[in-house]
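The file data.txt contains compact mmCIF, C-alpha atoms and all ligand atoms:
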# COMPACT_ATOMS: atom_id res chain seq x y z
CA MET F 1 -14.78 -86.32 28.29
CA THR F 2 -11.22 -85.79 29.42
CA GLU F 3 -10.54 -86.62 33.04
CA PHE F 4 -8.53 -84.12 35.07
CA ARG F 5 -5.19 -85.87 35.34
CA PHE F 6 -1.64 -85.23 36.38
CA ASP F 7 1.05 -87.61 35.13
CA ILE F 8 4.67 -87.42 36.16
CA ALA F 9 6.91 -88.63 33.32
CA THR F 10 10.20 -88.40 35.17
CA LYS F 11 11.88 -86.98 38.26
CA ASP F 12 15.37 -85.59 38.76
CA GLY F 13 16.13 -85.17 42.44
CA GLY F 14 13.14 -83.23 43.78
CA ALA F 15 12.25 -81.80 40.35
CA ARG F 16 9.29 -83.31 38.49
CA ARG F 17 8.53 -83.37 34.76
CA GLY F 18 4.81 -83.82 34.32
CA ARG F 19 1.68 -83.08 32.32
CA LEU F 20 -1.73 -81.79 33.31
CA GLN F 21 -4.68 -83.07 31.29
CA THR F 22 -7.82 -80.97 31.51
CA ALA F 23 -11.15 -80.34 29.81
CA HIS F 24 -9.44 -77.47 27.97
CA GLY F 25 -6.31 -79.30 26.91
CA PRO F 26 -2.93 -80.17 28.38
CA ALA F 27 -0.21 -78.19 30.10
CA GLU F 28 3.35 -79.43 30.35
CA THR F 29 4.92 -78.95 33.78
CA PRO F 30 6.84 -77.31 35.35
CA ALA F 31 4.60 -74.57 33.94
CA PHE F 32 4.54 -70.80 34.20
CA MET F 33 1.07 -69.21 33.95
CA PRO F 34 0.94 -65.64 32.60
CA VAL F 35 -1.46 -63.49 34.59
CA GLY F 36 -4.59 -62.31 32.76
CA THR F 37 -5.98 -60.15 35.55
CA VAL F 38 -9.17 -58.74 34.04
CA GLY F 39 -9.63 -61.26 31.24
CA THR F 40 -6.58 -60.22 29.23
CA VAL F 41 -2.85 -60.75 29.48
CA LYS F 42 -2.23 -57.01 29.19
CA GLY F 43 -1.16 -55.94 25.71
CA MET F 44 -1.08 -59.45 24.24
CA LEU F 45 -3.43 -61.24 21.85
CA PRO F 46 -4.25 -64.76 23.08
CA ASP F 47 -2.55 -66.31 20.02
CA HIS F 48 0.62 -64.42 20.85
CA VAL F 49 0.52 -65.62 24.46
CA ALA F 50 0.23 -69.17 23.11
CA GLU F 51 3.06 -68.55 20.65
CA THR F 52 5.46 -67.91 23.55
CA GLY F 53 4.70 -71.46 24.70
CA ALA F 54 2.22 -70.70 27.49
CA GLN F 55 -0.50 -73.35 27.72
CA ILE F 56 -2.38 -72.19 30.81
CA VAL F 57 -3.18 -68.68 32.03
CA LEU F 58 -4.47 -67.23 35.29
CA GLY F 59 -7.57 -65.07 35.76
CA ASN F 60 -8.48 -62.97 38.81
CA THR F 61 -11.84 -63.61 40.44
CA TYR F 62 -11.82 -60.35 42.38
CA HIS F 63 -11.46 -58.19 39.29
CA LEU F 64 -13.88 -60.19 37.13
CA MET F 65 -16.59 -60.38 39.83
CA LEU F 66 -16.63 -56.57 40.00
CA ARG F 67 -16.30 -55.96 36.28
CA PRO F 68 -17.91 -57.21 34.09
CA GLY F 69 -19.44 -59.51 36.77
CA SER F 70 -19.45 -63.31 36.67
CA PRO F 71 -23.13 -63.73 35.56
CA ARG F 72 -22.33 -61.67 32.48
CA VAL F 73 -19.23 -63.75 31.67
CA LYS F 74 -21.34 -66.87 32.13
CA ALA F 75 -24.09 -65.53 29.84
CA LEU F 76 -21.44 -64.79 27.23
CA GLY F 77 -20.23 -68.38 27.23
CA GLY F 78 -17.61 -68.43 30.00
CA LEU F 79 -14.19 -66.89 30.36
CA HIS F 80 -12.48 -69.04 27.71
CA LYS F 81 -14.83 -67.84 24.99
CA PHE F 82 -15.07 -64.29 26.39
CA MET F 83 -11.30 -63.71 26.35
CA GLY F 84 -10.53 -65.91 23.36
CA TRP F 85 -8.32 -68.36 25.27
CA PRO F 86 -9.45 -71.94 24.60
CA GLY F 87 -6.74 -73.51 26.80
CA PRO F 88 -6.85 -74.18 30.53
CA ILE F 89 -7.51 -71.24 32.86
CA LEU F 90 -6.79 -71.23 36.58
CA THR F 91 -8.65 -68.63 38.60
CA ASP F 92 -7.63 -67.43 42.03
CA SER F 93 -10.28 -67.17 44.74
CA GLY F 94 -10.29 -63.39 44.97
CA GLY F 95 -9.07 -63.64 48.57
CA PHE F 96 -5.60 -62.25 47.98
CA GLN F 97 -6.86 -59.00 46.39
CA VAL F 98 -9.62 -58.59 48.98
CA MET F 99 -7.20 -59.09 51.88
CA SER F 100 -4.98 -56.37 50.48
CA LEU F 101 -7.85 -53.84 50.52
CA GLY F 102 -6.90 -52.94 54.12
CA ASN F 103 -9.62 -51.01 55.91
CA LEU F 104 -12.03 -51.42 52.99
CA ARG F 105 -12.67 -55.02 54.12
CA GLU F 106 -14.00 -56.88 57.15
CA MET F 107 -13.20 -60.49 58.02
CA SER F 108 -15.41 -62.97 59.87
CA GLU F 109 -15.74 -66.74 60.19
CA ASP F 110 -18.23 -66.63 57.33
CA GLY F 111 -15.97 -64.78 54.87
CA VAL F 112 -14.98 -61.26 53.89
CA THR F 113 -17.10 -58.24 53.14
CA PHE F 114 -15.48 -55.43 51.23
CA ARG F 115 -16.02 -52.32 49.20
CA SER F 116 -15.16 -52.30 45.51
CA HIS F 117 -12.07 -50.27 44.62
CA ILE F 118 -13.96 -49.22 41.47
CA ASP F 119 -17.21 -47.70 42.77
CA GLY F 120 -17.28 -48.33 46.53
CA SER F 121 -20.16 -50.83 46.23
CA LYS F 122 -20.40 -53.47 48.98
CA HIS F 123 -19.69 -57.15 48.27
CA ALA F 124 -19.27 -60.37 50.21
CA LEU F 125 -16.84 -63.14 49.42
CA THR F 126 -17.38 -66.44 51.18
CA PRO F 127 -15.91 -69.84 50.31
CA GLU F 128 -19.22 -70.77 48.67
CA ARG F 129 -19.55 -67.49 46.76
CA SER F 130 -15.95 -67.59 45.49
CA THR F 131 -16.44 -71.15 44.25
CA GLU F 132 -19.72 -70.19 42.56
CA ILE F 133 -18.11 -67.20 40.79
CA GLN F 134 -15.28 -69.40 39.50
CA ASP F 135 -17.93 -71.87 38.30
CA ASP F 136 -19.68 -69.02 36.44
CA LEU F 137 -16.34 -68.15 34.83
CA ASP F 138 -15.99 -71.83 33.77
CA SER F 139 -12.55 -71.92 35.33
CA THR F 140 -10.59 -75.10 34.54
CA ILE F 141 -8.88 -74.96 37.93
CA THR F 142 -10.75 -73.38 40.83
CA MET F 143 -8.87 -72.22 43.91
CA VAL F 144 -10.31 -72.44 47.43
CA LEU F 145 -10.87 -69.20 49.33
CA ASP F 146 -8.17 -68.75 51.95
CA GLU F 147 -6.84 -66.03 54.17
CA CYS F 148 -3.45 -64.94 52.92
CA THR F 149 -1.63 -64.77 56.25
CA PRO F 150 0.35 -61.53 56.48
CA TRP F 151 4.08 -61.62 57.13
CA PRO F 152 5.66 -61.33 59.63
CA VAL F 153 3.23 -63.07 61.97
CA ASP F 154 3.69 -64.89 65.28
CA GLU F 155 2.99 -68.62 65.55
CA ALA F 156 -0.37 -68.19 67.31
CA GLY F 157 -1.53 -65.74 64.65
CA ALA F 158 -0.34 -68.00 61.84
CA ALA F 159 -2.09 -70.98 63.44
CA SER F 160 -5.49 -69.34 63.80
CA SER F 161 -5.29 -67.88 60.29
CA MET F 162 -4.30 -71.27 58.81
CA ARG F 163 -7.09 -73.09 60.68
CA LEU F 164 -9.66 -70.58 59.41
CA SER F 165 -8.34 -71.24 55.88
CA MET F 166 -8.72 -75.02 56.44
CA ARG F 167 -12.38 -74.57 57.51
CA TRP F 168 -12.87 -72.43 54.40
CA ALA F 169 -11.16 -75.10 52.27
CA ASP F 170 -13.69 -77.64 53.54
CA ARG F 171 -16.58 -75.31 52.64
CA SER F 172 -15.03 -74.49 49.25
CA ARG F 173 -14.79 -78.19 48.46
CA ALA F 174 -18.42 -78.77 49.44
CA ALA F 175 -19.45 -75.95 47.08
CA PHE F 176 -17.34 -77.23 44.16
CA ARG F 177 -19.31 -78.78 41.32
CA ALA F 178 -17.25 -81.70 40.05
CA ARG F 179 -17.09 -81.97 36.24
CA PRO F 180 -14.82 -84.16 34.08
CA GLY F 181 -11.60 -82.36 33.26
CA TYR F 182 -12.06 -79.66 35.89
CA GLY F 183 -10.22 -79.46 39.20
CA GLN F 184 -10.04 -77.58 42.46
CA PHE F 185 -6.84 -76.91 44.38
CA GLY F 186 -6.49 -76.56 48.15
CA ILE F 187 -3.99 -74.02 49.51
CA VAL F 188 -1.42 -74.87 52.18
CA GLN F 189 -0.93 -72.07 54.73
CA GLY F 190 1.00 -71.85 58.00
CA SER F 191 3.50 -69.08 57.24
CA THR F 192 7.11 -70.17 57.88
CA PHE F 193 6.24 -72.58 60.74
CA PRO F 194 7.00 -76.22 59.78
CA ASP F 195 4.45 -77.75 62.21
CA LEU F 196 1.68 -75.50 60.91
CA ARG F 197 2.54 -76.27 57.28
CA ALA F 198 2.40 -79.99 58.11
CA GLU F 199 -0.95 -79.58 59.87
CA SER F 200 -2.30 -77.66 56.86
CA VAL F 201 -1.11 -80.27 54.33
CA ALA F 202 -2.73 -83.04 56.38
CA ALA F 203 -6.03 -81.14 56.67
CA LEU F 204 -6.20 -80.53 52.91
CA ALA F 205 -5.19 -84.09 51.98
CA GLU F 206 -7.97 -85.31 54.27
CA ILE F 207 -10.50 -83.20 52.30
CA GLY F 208 -8.97 -84.31 48.98
CA PHE F 209 -8.31 -82.02 46.00
CA GLU F 210 -7.12 -82.44 42.40
CA GLY F 211 -4.04 -80.38 43.26
CA TYR F 212 -2.41 -78.45 46.08
CA ALA F 213 -1.00 -74.95 46.19
CA VAL F 214 1.48 -73.41 48.58
CA GLY F 215 0.20 -69.99 49.62
CA GLY F 216 1.47 -67.27 51.93
CA LEU F 217 4.99 -67.14 50.49
CA ALA F 218 6.75 -64.42 48.49
CA VAL F 219 5.16 -61.92 50.87
CA GLY F 220 8.40 -60.40 52.13
CA GLU F 221 10.06 -63.32 53.90
CA GLY F 222 12.93 -63.47 51.39
CA GLN F 223 14.11 -66.21 49.06
CA GLN F 224 16.03 -68.32 51.59
CA MET F 225 13.11 -68.46 54.03
CA MET F 226 10.78 -69.31 51.15
CA PHE F 227 13.06 -72.19 50.11
CA ASP F 228 13.40 -73.34 53.75
CA THR F 229 9.60 -73.39 54.04
CA LEU F 230 9.26 -75.36 50.79
CA ASP F 231 11.89 -77.82 52.06
CA VAL F 232 9.58 -78.76 54.94
CA THR F 233 6.30 -78.44 52.99
CA THR F 234 6.53 -80.12 49.58
CA PRO F 235 7.83 -83.49 50.85
CA ALA F 236 4.64 -83.80 52.92
CA MET F 237 2.32 -82.92 50.01
CA PRO F 238 0.56 -85.69 48.05
CA GLY F 239 3.18 -86.93 45.57
CA ASP F 240 0.81 -87.75 42.71
CA LYS F 241 -0.94 -84.36 42.53
CA PRO F 242 0.23 -81.08 40.97
CA ARG F 243 1.84 -78.53 43.28
CA TYR F 244 1.45 -74.82 42.62
CA LEU F 245 3.49 -72.08 44.26
CA MET F 246 1.25 -69.01 44.17
CA GLY F 247 2.52 -65.61 43.05
CA VAL F 248 6.11 -66.74 42.38
CA GLY F 249 8.20 -65.31 40.98
CA ARG F 250 11.61 -64.28 39.76
CA PRO F 251 13.48 -66.77 37.54
CA SER F 252 15.82 -67.75 40.42
CA ASP F 253 12.78 -68.36 42.68
CA ILE F 254 11.25 -70.60 40.02
CA VAL F 255 14.41 -72.65 39.47
CA GLY F 256 14.90 -73.14 43.23
CA ALA F 257 11.24 -74.06 43.75
CA VAL F 258 11.28 -76.59 40.90
CA ALA F 259 14.27 -78.24 42.65
CA ARG F 260 11.97 -78.49 45.70
CA GLY F 261 9.16 -80.23 43.81
CA ILE F 262 6.91 -77.39 42.59
CA ASP F 263 5.11 -77.88 39.25
CA MET F 264 3.21 -74.64 38.60
CA PHE F 265 3.86 -70.91 38.95
CA ASP F 266 2.21 -67.58 38.25
CA CYS F 267 3.51 -64.06 38.61
CA VAL F 268 2.79 -60.56 37.28
CA LEU F 269 6.53 -59.92 36.99
CA PRO F 270 7.09 -60.52 33.25
CA THR F 271 4.02 -58.52 32.20
CA ARG F 272 4.32 -55.73 34.78
CA SER F 273 8.08 -55.35 34.18
CA GLY F 274 7.45 -55.24 30.43
CA ARG F 275 5.12 -52.30 30.87
CA THR F 276 7.69 -50.37 32.90
CA GLY F 277 10.60 -50.90 30.51
CA LYS F 278 12.32 -53.84 32.21
CA ALA F 279 13.52 -56.70 30.00
CA PHE F 280 14.54 -60.08 31.40
CA VAL F 281 17.82 -61.38 30.01
CA LYS F 282 20.10 -64.22 31.10
CA GLY F 283 20.98 -63.59 34.74
CA GLY F 284 18.93 -60.46 35.35
CA GLU F 285 16.91 -57.53 34.01
CA LEU F 286 17.81 -54.61 31.74
CA ASN F 287 16.18 -51.23 32.13
CA ILE F 288 15.56 -50.27 28.51
CA ARG F 289 15.02 -46.63 29.53
CA ASN F 290 18.66 -46.47 30.62
CA ALA F 291 20.64 -43.93 28.52
CA ARG F 292 23.25 -46.55 27.62
CA HIS F 293 20.73 -48.17 25.25
CA VAL F 294 20.16 -44.98 23.24
CA GLU F 295 22.38 -46.11 20.36
CA ALA F 296 22.55 -49.86 21.10
CA ASP F 297 21.96 -51.48 17.74
CA ILE F 298 21.65 -54.96 19.22
CA PRO F 299 18.61 -56.99 20.27
CA VAL F 300 17.56 -57.27 23.91
CA ASP F 301 18.60 -60.93 23.75
CA PRO F 302 20.24 -62.32 20.58
CA ASP F 303 19.11 -65.86 21.51
CA CYS F 304 15.43 -64.91 21.91
CA ALA F 305 12.93 -65.67 19.13
CA CYS F 306 10.30 -63.07 20.13
CA PRO F 307 9.40 -60.22 17.74
CA ALA F 308 11.03 -57.61 19.99
CA CYS F 309 14.38 -59.40 19.63
CA ARG F 310 13.96 -60.65 16.04
CA GLN F 311 13.01 -57.33 14.49
CA PHE F 312 14.11 -54.48 16.73
CA SER F 313 17.14 -53.05 18.52
CA ARG F 314 17.51 -51.97 22.14
CA ALA F 315 17.87 -48.43 20.76
CA TYR F 316 14.44 -48.63 19.11
CA LEU F 317 12.78 -50.03 22.24
CA HIS F 318 14.49 -47.28 24.27
CA HIS F 319 13.04 -44.73 21.84
CA LEU F 320 9.51 -46.22 22.09
CA PHE F 321 9.58 -45.98 25.89
CA LYS F 322 11.00 -42.45 25.82
CA ALA F 323 8.28 -41.42 23.37
CA GLY F 324 5.53 -43.14 25.39
CA GLU F 325 4.51 -45.29 22.43
CA MET F 326 2.25 -48.26 23.29
CA LEU F 327 4.30 -50.61 21.11
CA GLY F 328 7.13 -50.41 23.68
CA PRO F 329 5.20 -52.10 26.53
CA ILE F 330 3.66 -54.56 24.06
CA LEU F 331 7.05 -55.67 22.73
CA LEU F 332 8.73 -55.95 26.13
CA THR F 333 5.74 -57.82 27.59
CA TRP F 334 6.03 -60.26 24.70
CA HIS F 335 9.77 -60.60 25.21
CA ASN F 336 9.43 -61.17 28.96
CA LEU F 337 6.70 -63.80 28.50
CA GLN F 338 8.94 -65.49 25.92
CA HIS F 339 11.86 -65.36 28.37
CA PHE F 340 9.81 -67.04 31.12
CA GLN F 341 8.46 -69.72 28.77
CA ASP F 342 12.00 -70.37 27.44
CA LEU F 343 13.11 -70.75 31.05
CA MET F 344 10.37 -73.34 31.66
CA ARG F 345 11.25 -75.17 28.44
CA GLY F 346 14.89 -75.28 29.57
CA ILE F 347 13.84 -76.56 33.00
CA ARG F 348 11.66 -79.31 31.48
CA ALA F 349 14.41 -80.40 29.07
CA ALA F 350 16.98 -80.46 31.90
CA ILE F 351 14.75 -82.66 34.09
CA GLU F 352 14.15 -85.02 31.16
CA ALA F 353 17.91 -85.25 30.59
CA GLY F 354 18.61 -85.85 34.29
CA ALA F 355 20.68 -82.67 34.26
CA PHE F 356 18.65 -80.34 36.44
CA ASP F 357 21.53 -79.85 38.91
CA THR F 358 23.73 -78.54 36.09
CA PHE F 359 20.89 -76.34 34.83
CA GLN F 360 20.49 -74.89 38.30
CA SER F 361 24.20 -74.14 38.78
CA ASN F 362 24.46 -72.59 35.29
CA HIS F 363 21.47 -70.41 36.15
CA GLN F 364 23.12 -69.30 39.40
CA SER F 365 26.41 -68.52 37.61
CA ALA F 366 24.60 -66.42 34.98
CA LYS F 367 22.88 -64.47 37.75
CA ALA F 368 26.19 -63.90 39.59
CA ALA F 369 27.86 -62.75 36.35
CA PHE F 370 24.99 -60.35 35.60
CA ASP F 371 24.87 -58.96 39.15
CA SER F 372 28.61 -58.24 39.05
CA LYS F 373 28.22 -55.89 36.09
CA ALA F 374 24.75 -54.57 37.14
CA ASP F 375 22.59 -52.54 34.80
ZN ZN F 401 12.87 -61.45 23.07

Rewrite the coordinates I just gave you, this time as structure tokens.
Amino acid sequence: MTEFRFDIATKDGGARRGRLQTAHGPAETPAFMPVGTVGTVKGMLPDHVAETGAQIVLGNTYHLMLRPGSPRVKALGGLHKFMGWPGPILTDSGGFQVMSLGNLREMSEDGVTFRSHIDGSKHALTPERSTEIQDDLDSTITMVLDECTPWPVDEAGAASSMRLSMRWADRSRAAFRARPGYGQFGIVQGSTFPDLRAESVAALAEIGFEGYAVGGLAVGEGQQMMFDTLDVTTPAMPGDKPRYLMGVGRPSDIVGAVARGIDMFDCVLPTRSGRTGKAFVKGGELNIRNARHVEADIPVDPDCACPACRQFSRAYLHHLFKAGEMLGPILLTWHNLQHFQDLMRGIRAAIEAGAFDTFQSNHQSAKAAFDSKAD
């Protein structure tokens, strides 16, 4: 059986070029994980997701526990078989979605009780229950249940929230069933307060996990504050374990976070933007619904190898969106996933070449050039 491993091949400044080894195969890092919320990366066949270069995808515990339910997924052979994705799957704990239910949920030391957004039925999510559901799903990487601290928050509020998450991390770890090639990640909280982040890292390292995530960022604090928080957080995190920045983000967020030692990312941006007619290109995003594309007989990105760019023009994609044809969202989702995986490939190659600084400044120049002509 494959051991769960993380090997760092080379570093360039703070950036790390590594590889995860899991029971379900490897993933080269820095890695971007497409989000497969309810057991599907919306609009994409698993083979097509893999074709873009993605090696690991994310599944959402909250959605899958409500529908179709984790015992059913387990009975059907686990999430890999159920959704036709044999590679590694990371599942979140369900906490983030539950916390965002507002007055439909109630928090206590034990966990969260909430009402389903689907049928109003009552459910409880505790550290133990979340871990058990992720076990049912046969998740390659299980996340601990944490409280996603809202932002802004004062230091006392951030401290009590973080300490609750650390007690939950301890309980999540106790409930985790260790198996070769499977891992569980702890989640660093503490909002934007350096002392709290340090306390959280120390508490998690004391428990001991196969990897560590940074949570509670990209919640409205802005890019600079996110980078400032990473600057004081990642150097304290165990150096030989993968680091995952949850829910991030835009290409410029990813590049800046890699420079600060992050190895893994997930975000709904490429898939969600694809469904609403936004296409990522060098330096920014195009809105394909914009009237200036109506006769544009050029691809979204001439350097992109995805089917949307290889076979079709901006004018055709514009037409599909105007006509409400389902092929439009499918093609732009594919393109955006390809764009993000090409970005990660470029990042990995730059780190290997010891040229990540140049990569980063080129990326910033492209963004500045794009912003100056705005779509
Ligand atoms: Zn493309």

Check: What is the distance, in Å and to one decimal place, between atom CA of F:His48 and atom CA of F:Trp334?
Finding: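 Answer for the atom CA of F:His48 to atom CA of F:Trp334 separation: 7.8 Å.
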
Collect all residues with atoms no farther than 8 Å from ligand ZN 401 (chain F), counting only C-alpha atoms and all ligand atoms, and output them as a PyMOL selection string.
chain F and resi 299-310+332+334-336+338-339

Compile a residue-level contact table for stretch 232-293 of chain F against stretch 14-18 of chain F at a cut-off of 8 Å, reporting for every qualifying residue the shortest atom pair and its distance in Å to one decimal, with only C-alpha atoms counted, rows ordered by chain and ascending number, as CSV.
residue,atom,partner,partner_atom,distance
F:Val258,CA,F:Ala15,CA,5.3
F:Ala259,CA,F:Ala15,CA,4.7
F:Arg260,CA,F:Gly14,CA,5.2
F:Gly261,CA,F:Ala15,CA,4.9
F:Ile262,CA,F:Ala15,CA,7.3
F:Asp263,CA,F:Arg16,CA,6.9

**Item:** Who sits within 9 Å of F:Met166, only C-alpha atoms, same chain under 3 positions skipped, as an MDAnalysis selection string
**Value:** chainID F and resid 146 161:163 169:171 186:189 200 203:204

Using all atoms listed in the file, the best pick from F:Ala158, F:Met143, F:Leu327, F:Val268 as closest to F:Tyr212 would be F:Met143

Distance atom CA of F:Thr131-atom CA of F:Gly239, one decimal place?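 Going from atom CA of F:Thr131 over to atom CA of F:Gly239 covers 25.2 Å.
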
Need the shell around F:Gly222: protein/DNA/RNA residues with any atom at most 12 Å away, counting all atoms listed in the file. Skip same-chain ones fewer than 2 positions apart. Format as a list of chain:residue names?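 In the requested format, the answer is F:Trp151, F:Pro152, F:Thr192, F:Leu217, F:Ala218, F:Val219, F:Gly220, F:Gln224, F:Met225, F:Met226, F:Phe227, F:Asp228, F:Thr229, F:Val248, F:Gly249, F:Arg250, F:Asp253.
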